[in-house]
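This is query_16.cif (mmCIF, C-alpha atoms).
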```cif
data_structure
loop_
_atom_site.label_atom_id
_atom_site.label_comp_id
_atom_site.auth_asym_id
_atom_site.auth_seq_id
_atom_site.Cartn_x
_atom_site.Cartn_y
_atom_site.Cartn_z
CA MET A 28 87.27 117.31 81.62
CA ASN A 29 89.70 120.14 82.33
CA ILE A 30 92.99 119.15 80.69
CA LEU A 31 96.43 120.77 80.79
CA ILE A 32 98.93 120.12 78.00
CA LEU A 33 102.53 120.95 78.87
CA ASP A 34 104.60 120.49 75.73
CA GLU A 35 107.11 122.70 73.91
CA GLU A 36 105.99 121.28 70.55
CA VAL A 37 103.29 123.84 69.79
CA TYR A 38 101.95 122.21 66.61
CA LEU A 39 101.51 118.81 68.30
CA ALA A 40 99.92 120.37 71.38
CA GLN A 41 97.44 122.31 69.24
CA LYS A 42 96.41 119.14 67.38
CA VAL A 43 95.87 117.33 70.68
CA ALA A 44 93.89 120.27 72.09
CA ILE A 45 91.63 120.47 69.02
CA LYS A 46 90.90 116.73 69.20
CA LEU A 47 90.07 116.86 72.91
CA GLN A 48 87.95 120.00 72.54
CA GLU A 49 85.95 118.27 69.81
CA GLU A 50 85.21 115.63 72.46
CA GLY A 51 83.78 118.35 74.72
CA ASN A 52 86.82 118.87 76.96
CA ASN A 53 88.41 122.12 78.08
CA CYS A 54 92.12 122.30 77.17
CA THR A 55 94.91 124.65 78.20
CA HIS A 56 98.32 124.53 76.49
CA VAL A 57 101.55 125.85 77.99
CA SER A 58 105.10 125.52 76.67
CA ASN A 59 106.99 125.58 79.97
CA ILE A 60 106.45 125.18 83.68
CA LYS A 61 106.50 128.95 84.30
CA GLU A 62 103.14 129.24 82.56
CA VAL A 63 101.47 126.58 84.70
CA LYS A 64 98.80 127.86 87.14
CA PHE A 65 99.42 125.69 90.17
CA ASN A 66 96.25 126.89 91.90
CA THR A 67 94.07 125.41 89.14
CA THR A 68 92.56 121.93 89.30
CA TYR A 69 93.07 119.70 86.25
CA ASP A 70 91.38 116.37 85.65
CA ALA A 71 94.26 115.29 83.39
CA ILE A 72 97.72 116.56 82.49
CA LEU A 73 99.58 115.62 79.31
CA LEU A 74 103.18 116.15 80.33
CA SER A 75 106.12 116.21 77.95
CA THR A 76 109.26 114.66 79.45
CA ASN A 77 111.47 116.79 77.17
CA ILE A 78 111.45 119.40 79.92
CA SER A 79 113.89 119.03 82.82
CA SER A 80 113.42 116.04 85.11
CA ASN A 81 113.11 118.41 88.10
CA ASP A 82 110.20 120.19 86.42
CA VAL A 83 108.54 116.86 85.58
CA HIS A 84 108.84 115.83 89.24
CA LYS A 85 107.46 119.20 90.37
CA ILE A 86 104.37 118.87 88.17
CA ILE A 87 103.68 115.30 89.31
CA SER A 88 104.10 116.26 92.96
CA ALA A 89 101.87 119.33 92.65
CA PHE A 90 99.02 117.57 90.85
CA LYS A 91 98.78 114.22 92.64
CA GLU A 92 95.00 114.07 92.17
CA SER A 93 95.23 114.55 88.39
CA ILE A 94 95.60 111.88 85.74
CA ILE A 95 99.12 112.39 84.38
CA ILE A 96 100.11 110.88 81.04
CA LEU A 97 103.68 111.37 79.88
CA LEU A 98 104.38 112.46 76.30
CA VAL A 99 107.69 110.73 75.61
CA SER A 100 110.16 111.14 72.73
CA TYR A 101 112.35 108.23 73.89
CA ILE A 102 112.21 105.74 76.72
CA ASN A 103 114.70 105.59 79.58
CA ASP A 104 114.74 105.82 83.37
CA THR A 105 114.52 109.62 83.36
CA THR A 106 111.64 109.97 80.89
CA VAL A 107 109.51 107.00 81.95
CA THR A 108 110.63 104.86 84.89
CA LYS A 109 111.17 107.63 87.47
CA PRO A 110 108.07 109.70 86.58
CA LEU A 111 105.89 106.58 86.83
CA LYS A 112 107.37 105.84 90.25
CA ASP A 113 106.67 109.45 91.25
CA GLY A 114 102.99 109.03 90.45
CA ALA A 115 102.32 109.47 86.73
CA GLN A 116 99.71 106.99 85.48
CA ASP A 117 101.01 106.12 82.00
CA TYR A 118 103.04 107.24 79.00
CA ILE A 119 102.69 107.37 75.24
CA LEU A 120 105.58 107.43 72.78
CA LYS A 121 105.78 110.18 70.15
CA PRO A 122 104.68 110.13 67.39
CA PHE A 123 101.42 108.62 68.59
CA ILE A 124 97.98 107.92 67.21
CA MET A 125 95.62 110.60 68.51
CA ASP A 126 92.82 108.14 69.24
CA GLU A 127 95.20 106.07 71.38
CA LEU A 128 96.00 109.10 73.53
CA VAL A 129 92.31 109.92 73.92
CA ARG A 130 91.60 106.29 74.84
CA LYS A 131 94.23 106.40 77.58
CA ILE A 132 92.79 109.61 79.04
CA TYR A 133 89.25 108.24 79.20
CA HIS A 134 90.47 104.87 80.48
CA TYR A 135 92.17 106.42 83.50
CA ASP A 136 89.29 108.83 84.05
CA GLU A 137 86.87 105.89 84.21
CA PHE A 138 89.27 103.96 86.46
CA LYS A 139 89.51 106.92 88.83
CA LYS A 140 85.71 107.26 89.02
CA LEU A 141 85.30 103.52 89.68
CA LYS A 142 88.02 103.62 92.34
CA ASN A 143 86.31 106.52 94.13
CA GLN A 144 82.96 104.78 93.85
CA ASN A 145 84.42 101.57 95.26
CA GLU A 146 86.00 103.43 98.18
CA ASN A 147 82.67 105.13 98.93
CA LEU A 148 80.85 101.79 98.86
CA GLU A 149 83.45 100.16 101.11
CA ASN A 150 83.20 103.04 103.57
CA TYR A 151 79.40 102.78 103.55
CA ILE A 152 79.50 99.01 104.08
CA ASP A 153 81.90 99.43 107.01
CA PHE A 154 79.56 102.08 108.45
CA ALA A 155 76.38 100.05 107.88
CA PHE A 156 77.78 96.86 109.42
CA ASN A 157 79.81 98.54 112.16
CA ASN A 158 77.55 97.36 114.98
CA VAL A 159 76.56 94.03 113.41
CA VAL A 160 78.31 91.29 115.36
CA HIS A 161 77.88 87.58 116.00
CA GLU A 162 79.97 84.96 117.76
CA GLU A 163 78.74 81.82 116.01
CA ASP A 164 81.06 79.87 113.71
CA ILE A 165 80.22 80.20 110.03
CA PRO A 166 79.82 76.88 108.14
CA THR A 167 82.87 76.03 106.04
CA THR A 168 80.99 74.41 103.16
CA LEU A 169 78.36 75.62 100.73
CA PRO A 170 75.44 75.64 100.45
CA PHE A 171 74.31 76.57 103.96
CA ALA A 172 71.43 78.37 105.62
CA ILE A 173 71.20 81.29 108.02
CA GLU A 174 68.29 81.48 110.44
CA THR A 175 68.13 84.90 112.08
CA ASN A 176 65.91 87.69 113.34
CA ASP A 177 68.23 90.35 111.90
CA GLN A 178 68.65 90.48 108.12
CA ARG A 179 71.84 92.54 108.45
CA ILE A 180 73.68 89.69 110.14
CA ALA A 181 73.03 87.42 107.18
CA ASP A 182 73.97 90.19 104.74
CA LYS A 183 77.30 90.71 106.46
CA ILE A 184 78.10 86.98 106.49
CA VAL A 185 77.26 86.69 102.78
CA LEU A 186 79.50 89.66 101.99
CA GLU A 187 82.39 88.09 103.91
CA ILE A 188 81.95 84.75 102.14
CA ALA A 189 81.82 86.47 98.73
CA GLN A 190 85.07 88.29 99.48
CA LYS A 191 86.79 85.04 100.49
CA LEU A 192 85.58 83.30 97.33
CA ASN A 193 86.33 86.36 95.20
CA LYS A 194 82.85 86.12 93.73
CA SER A 195 80.11 88.66 93.08
CA ILE A 196 76.79 88.24 94.89
CA LYS A 197 73.57 87.47 93.03
CA PHE A 198 70.60 88.51 95.16
CA ILE A 199 67.46 86.44 94.63
CA SER A 200 64.05 87.15 96.21
CA LEU A 201 61.48 84.38 96.58
CA GLU A 202 58.69 86.88 97.14
CA ASN A 203 58.21 87.07 93.36
CA HIS A 204 60.20 84.06 92.09
CA THR A 205 59.38 80.44 92.81
CA LYS A 206 61.84 78.78 90.46
CA ILE A 207 65.62 79.05 90.81
CA GLU A 208 68.23 77.87 88.32
CA PRO A 209 71.58 77.99 90.21
CA SER A 210 73.43 76.82 87.10
CA ASP A 211 72.70 80.25 85.58
CA PHE A 212 74.82 81.81 88.34
CA ARG A 213 77.66 79.29 88.46
CA ASP A 214 80.35 82.00 88.72
CA GLU A 215 78.49 83.95 91.42
CA LEU A 216 77.54 83.46 95.06
CA LEU A 217 73.77 83.03 95.02
CA TYR A 218 72.08 84.67 98.01
CA ILE A 219 68.43 83.78 98.56
CA TYR A 220 67.75 86.36 101.25
CA ASP A 221 64.05 85.75 101.98
CA PHE A 222 63.57 82.01 102.16
CA HIS A 223 60.75 82.59 104.67
CA PHE A 224 58.58 83.68 101.71
CA VAL A 225 58.84 80.33 99.94
CA LYS A 226 55.67 78.31 99.76
CA LYS A 227 55.76 74.88 101.36
CA GLY A 228 55.32 73.13 98.03
CA SER A 229 58.36 74.86 96.52
CA ARG A 230 60.62 74.54 99.58
CA ASP A 231 62.02 71.05 98.96
CA MET A 232 62.36 71.67 95.22
CA ILE A 233 64.54 74.74 95.82
CA LEU A 234 66.63 73.00 98.47
CA ASN A 235 67.28 70.08 96.11
CA THR A 236 68.15 72.45 93.25
CA ILE A 237 70.94 74.28 95.13
CA GLU A 238 72.73 71.15 96.37
CA LYS A 239 75.89 71.44 94.21
CA PHE A 240 76.21 75.20 94.02
CA ASP A 241 77.60 78.12 96.01
CA VAL A 242 74.37 79.24 97.64
CA ILE A 243 73.43 80.81 100.97
CA ILE A 244 69.81 80.99 102.02
CA CYS A 245 68.48 83.25 104.75
CA SER A 246 65.21 82.95 106.64
CA LEU A 247 63.74 85.25 109.25
CA GLU A 248 61.63 82.33 110.44
CA ASP A 249 62.40 78.87 111.82
CA LEU A 250 63.75 76.63 109.06
CA GLY A 251 63.28 73.37 110.91
CA ASP A 252 65.34 70.39 109.74
CA ILE A 253 67.17 70.79 106.44
CA ALA A 254 69.89 68.78 104.72
CA TYR A 255 72.45 71.60 104.79
CA PRO A 256 74.48 73.18 107.60
CA LYS A 257 72.41 75.80 109.41
CA LEU A 258 73.65 78.84 111.28
CA SER A 259 71.18 80.18 113.84
CA VAL A 260 71.91 83.74 114.97
CA LYS A 261 69.71 85.88 117.16
CA SER A 262 70.44 89.59 117.37
CA ALA A 263 70.51 91.32 120.73
CA ASN A 264 69.86 94.64 118.99
CA LYS A 265 66.17 95.26 119.54
CA LEU A 266 66.08 98.19 117.13
CA SER A 267 67.13 96.02 114.21
CA THR A 268 64.18 93.66 114.67
CA VAL A 269 61.36 96.18 114.94
CA ASP A 270 59.05 95.55 111.98
CA SER A 271 55.80 97.18 113.11
CA ILE A 272 54.49 100.56 114.31
CA LEU A 273 54.98 100.94 118.06
CA THR A 274 52.73 102.73 120.52
CA ILE A 275 54.20 105.85 122.15
CA ASN A 276 54.70 103.97 125.42
CA ASP A 277 56.35 101.01 123.67
CA TYR A 278 58.60 103.39 121.73
CA VAL A 279 59.74 105.21 124.86
CA LYS A 280 60.32 101.89 126.64
CA LEU A 281 62.39 100.63 123.71
CA MET A 282 64.43 103.82 123.51
CA VAL A 283 65.16 103.86 127.24
CA THR A 284 66.24 100.21 127.39
CA SER A 285 68.29 100.53 124.20
CA PHE A 286 70.14 103.77 124.98
CA GLN A 287 70.35 104.13 128.76
CA ASP A 288 73.82 102.56 128.69
CA LYS A 289 74.96 105.01 126.03
CA TYR A 290 73.66 108.36 127.38
CA PRO A 291 73.44 109.87 130.86
CA ASP A 292 69.92 110.62 132.08
CA THR A 293 70.15 114.34 131.29
CA GLU A 294 71.01 113.67 127.64
CA LEU A 295 68.59 110.74 127.29
CA SER A 296 65.64 112.72 128.65
CA LYS A 297 66.56 115.67 126.41
CA ARG A 298 66.61 113.47 123.31
CA LEU A 299 63.25 111.96 124.27
CA GLY A 300 61.80 115.44 124.87
CA ILE A 301 60.91 114.76 128.49
CA SER A 302 62.21 115.83 131.90
CA ARG A 303 64.55 113.75 134.07
CA LYS A 304 61.67 113.34 136.54
CA SER A 305 59.44 112.04 133.75
CA LEU A 306 62.20 109.64 132.68
CA TRP A 307 62.40 108.33 136.26
CA GLU A 308 58.61 107.94 136.37
CA LYS A 309 58.57 106.01 133.08
CA ARG A 310 61.29 103.66 134.34
CA LYS A 311 59.13 102.99 137.38
CA LYS A 312 55.96 102.58 135.26
CA PHE A 313 57.53 100.19 132.76
CA GLY A 314 59.59 98.31 135.32
CA ILE A 315 62.90 99.28 133.68
CA GLU A 316 65.87 98.83 135.96
CA LYS A 317 68.77 101.18 135.41
CA ASN A 318 71.85 99.05 134.76
CA LYS A 319 74.64 99.47 137.25
CA GLY A 320 77.01 100.21 134.39
CA ALA A 321 74.73 102.86 132.88
CA LYS A 322 76.00 106.40 132.62
CA GLY A 323 74.85 108.71 135.37
CA GLU A 324 75.30 112.33 136.29
#
```

What does the file become when written as structure tokens?
Amino acid sequence: MNILILDEEVYLAQKVAIKLQEEGNNCTHVSNIKEVKFNTTYDAILLSTNISSNDVHKIISAFKESIIILLVSYINDTTVTKPLKDGAQDYILKPFIMDELVRKIYHYDEFKKLKNQNENLENYIDFAFNNVVHEEDIPTTLPFAIETNDQRIADKIVLEIAQKLNKSIKFISLENHTKIEPSDFRDELLYIYDFHFVKKGSRDMILNTIEKFDVIICSLEDLGDIAYPKLSVKSANKLSTVDSILTINDYVKLMVTSFQDKYPDTELSKRLGISRKSLWEKRKKFGIEKNKGAKGE
């Protein structure tokens, strides 16, 4: 980590710097705000509140992305309350135990990394499920089953249920496991995402085992009659259900029917690597009618 120490107490700052450098960090010490290089990026700033409150505010405002821990000689609104409201993460009261200061720095560094990771995952989930929609009502009691031709629909539903229950999701595959112990996952939402793999002899045993637990099962095949609520969802997105290698003609037919409402013919033919005349001929050959609402030229 690249760490800035702004403190007029030189001896204390040197001790802190030595400790942090022993931990493999890079430390810079300055005694006043005039020595601060505002064009430098710091992972953490140890900021003494013995300097003027205006300078404290200036540092916090200039380094909003840095972890800022206040080095405080006494506690009041000026030294602690206001800087924390301005954006500092925490404070430590002088004299302090060196290991406690180091612990705080690493704690907030780990928190920042986890926060960024969580934001990235949330953004990816929003992106991945952006075009996954269904209109069916989700069962209000658990356990329940989802019967679908699109795995992503079930995944999205399970994620939504987990968020409502404030539970983590335990993913279980029946491709390699034939015995499930839901009691081992009592504090989690158990998601059996490939129930279509279960052998007939194990089917009833698993269904009886999950009766009193928070479980959602998903099958890409017909479940038939079961004792639990069942949500049947069929995706209209043909691309999401392709699970085999297509012939060239089948691929072109699929692409044309899937994207002719999204792109005009000039762009669609260009993306397929064919001429507009060839696109017209393939529509005629495959019996594809151009939707009235499709984009034209």

Point to revise | Shell around range 52-55 of chain A at 10 Å using all atoms listed in the file, local window under 3 positions removed, as a list in words | key: Met28, Asn29, Ile30, Leu31, Ile32, Leu33, Ala40, Gln41, Val43, Ala44, Ile45, Lys46, Leu47, Gln48, Glu49, Val63, Tyr69, Asp70, Ala71 and Ile72 of chain A

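Comparing the minimum interatomic distances between Ser75 in chain A and each of A:Ile94, A:Ile60, A:Asp34, A:Lys191, counting only C-alpha atoms, we find that A:Asp34 sits nearest.
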
Review point. Near Arg298 in chain A, counting only C-alpha atoms, which residues have an atom at most 12 Å away, once you skip same-chain residues fewer than 4 positions from it, shown as a PyMOL selection string?
Key: chain A and resi 279+282-283+286-287+290-294+302-303+306

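Proximity ranking of A:Lys257, A:Asp104, A:Ile86, A:Ala115 relative to Tyr135 in chain A places A:Ala115 first, based on all atoms listed in the file.
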
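Going from CA of Leu250 in chain A to CA of Ser229 in chain A covers 13.8 Å.
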
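In this structure, CA of Asp249 in chain A sits 26.5 Å away from CA of Glu215 in chain A.
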
Using all atoms of range 233-250 of chain A that appear in the file, construct an axis-aligned enclosing box with 8 Å of padding on every side and provide its centre coordinates and edge lengths in Å, rounded to one decimal, as JSON.
```
{"center_x": 69.6, "center_y": 77.7, "center_z": 102.5, "size_x": 32.0, "size_y": 31.2, "size_z": 34.6}
```

Point to revise | CA of Tyr255 in chain A to CA of Ile184 in chain A, straight-line distance in Å | key: 16.5 Å

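The list of residues with at least one atom within 8 Å of Asp113 in chain A, based on all atoms listed in the file and without residues fewer than 4 positions apart in the same chain, reads His84, Ile87, Ser88 and Lys109 of chain A.
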
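Among the candidates A:Ile96, A:Val83, A:Ala172, A:Met232, the residue lying nearest to Gly251 in chain A is A:Ala172 (atoms considered: only C-alpha atoms).
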
Practice item. Would you write out, as a PyMOL selection string, every residue that the PyMOL selection byres ((chain A and resi 170) around 6) captures in this file? Key: chain A and resi 169+171+241-243

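Candidate residues A:Ile244, A:Ile180, A:Leu97, A:Ala89 were compared for distance to Leu74 in chain A, and the nearest is A:Leu97, using only C-alpha atoms.
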